[in-house]
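First the structure, in the form of structure tokens, and then the observations on it.
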Amino acid sequence: MRGNREWADRRVWQQLGDVIWFIVREQGLAVFRVASRLTIPILAILILTALSLFPILRLMIFGLVDGAGSLNLSPIIGAFSIPGMVQTSLNSIELVVLVSAGSFALGVPMAWLATRTDMPGKLFIRLSAALAFVIPSFITVIAWMFLAAPTSGLLNVLFRHLFGLTSSPFDVVSFGGLAFIETAHLYPIVFFTVASALSNIDSSQEQVARILGAGRLRTAIAVTLPLVLPAITSGVLLVALDAMSSFGAPATIGTMANFSVLTTKIYDLLAFPPKLEFAAAGSLPIVAFALLCLFLQKRLINGEHYHTLLSKSDIAPPIALGLGKGIALLFCALIAFATAILPVAALVIQSMLKAFGTDITLDAMTMKNFETLIDPSFPVLAAIRHSLSLASLTVVICLLLGVIFAWIV
């Protein structure tokens, strides 16, 4: 009897231990699952804080807080009391408006023609838009200086010779020239964003509108355009942000044409002797503009209810343009020629000239300029390696962070 009781007691304690271990194990697994589920968002928040919030907060503190930790507006007042600072801010706003409007006017119709119609040459249009975007704007300035400088530009010389003009019809060294170059560089953002949206929306609503008697133009404006409004909004706001923060092209053209925008003025404030507090205060409008764009994007998109309903059977056949096919192709081809083909051709020709500004003849051409690229004693080859390394590393980091952040959102 005593042995049976001891065995029963051991059995009870064993079962109690099993229950306790089961509870601890399940609770531990639950905690582990919750912790692992929160790890990625927490890491994402920490990374975003390090990349974005911390620099912005430091900039605001540097431009708005004095050494005693009190709010101090004197850096902002001092920065915008500098002669020309107000006009510089107005120049930045005007540049943003012109470039955003131009990118919208070019990108949206091109995206519609390249995705929803039977216009030929769609691959060519996409490749030219990609080429216009990947070439940095300050390099595009070099090409257009060769083509449209006020006196020596190739196009100006050609037009003066052909039409007997006494003045040059083009002047890239101007504020309008800067707006044109930035638009030519940034309109592909709107084009690719809207084209992607147009390729993925449900076309049944467009088909209903056509059945009810709406024409192509009315259907595009009343039905298609509202369906891709989030993409248009995002694309235009991205263009506005890029135009506000651009530096290379404004610095090059602004120096020659004697005007400034906020980014170039901030750079001047960092020159010796540096006025760091004024530079930080002058940067705050750019930060405020970026936050405003993010707010507008969220407000405009969340203000409506958008649904993406897609299936292969819902993809409508391309719209037949008929006689308008040639006009549509000419419109897109002119944009591709002006923003991609012509600048690239100008860069190729310039790269083979013995000296900048010489007449374009076979005798003036040489391949010796390219020998510099492989000359170990010249820093070009090292610069190319550095650029490729930087690009590769940036792609990997941005791809990883972008996928993680997009998945979380």
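Within each chain, counting starts at residue 1; across the structure tokens, chains are named A, B, ... in the order shown, with ligands numbered 1 upward in that order.
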
> So which residues of segment 328-394 of chain A fall under helix (DSSP H, G or I) by DSSP, listed as number ranges by chain?
Replying inline: A: 328-352, 368-374, 380-394

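Shell of Leu98 of chain A at 9 Å, with only C-alpha atoms counted and residues fewer than 5 places along the chain excluded, is Ile93, Ser103, Gly176, Ala179, Phe180 and Thr183 of chain A.
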
> With only C-alpha atoms as the atoms that count, which of A:Ile61, A:Leu113, A:Leu292, A:Ile77 lies nearest to Ala280 of chain A?
Replying inline: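 Selected residue with least distance to Ala280 of chain A: A:Ile61.
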
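Atom pair atom CA of Leu300 of chain A / atom CA of Ala111 of chain A: separated by 21.2 Å.
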
>> Report as a list in words all protein, DNA and RNA residues lying within 7 Å of Ala129 of chain A, evaluated on only C-alpha atoms, omitting residues in the same chain fewer than 4 positions from it.
In response: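 These residues fall inside the cut-off: Ile125, Phe133, Pro188 and Ala336 of chain A.
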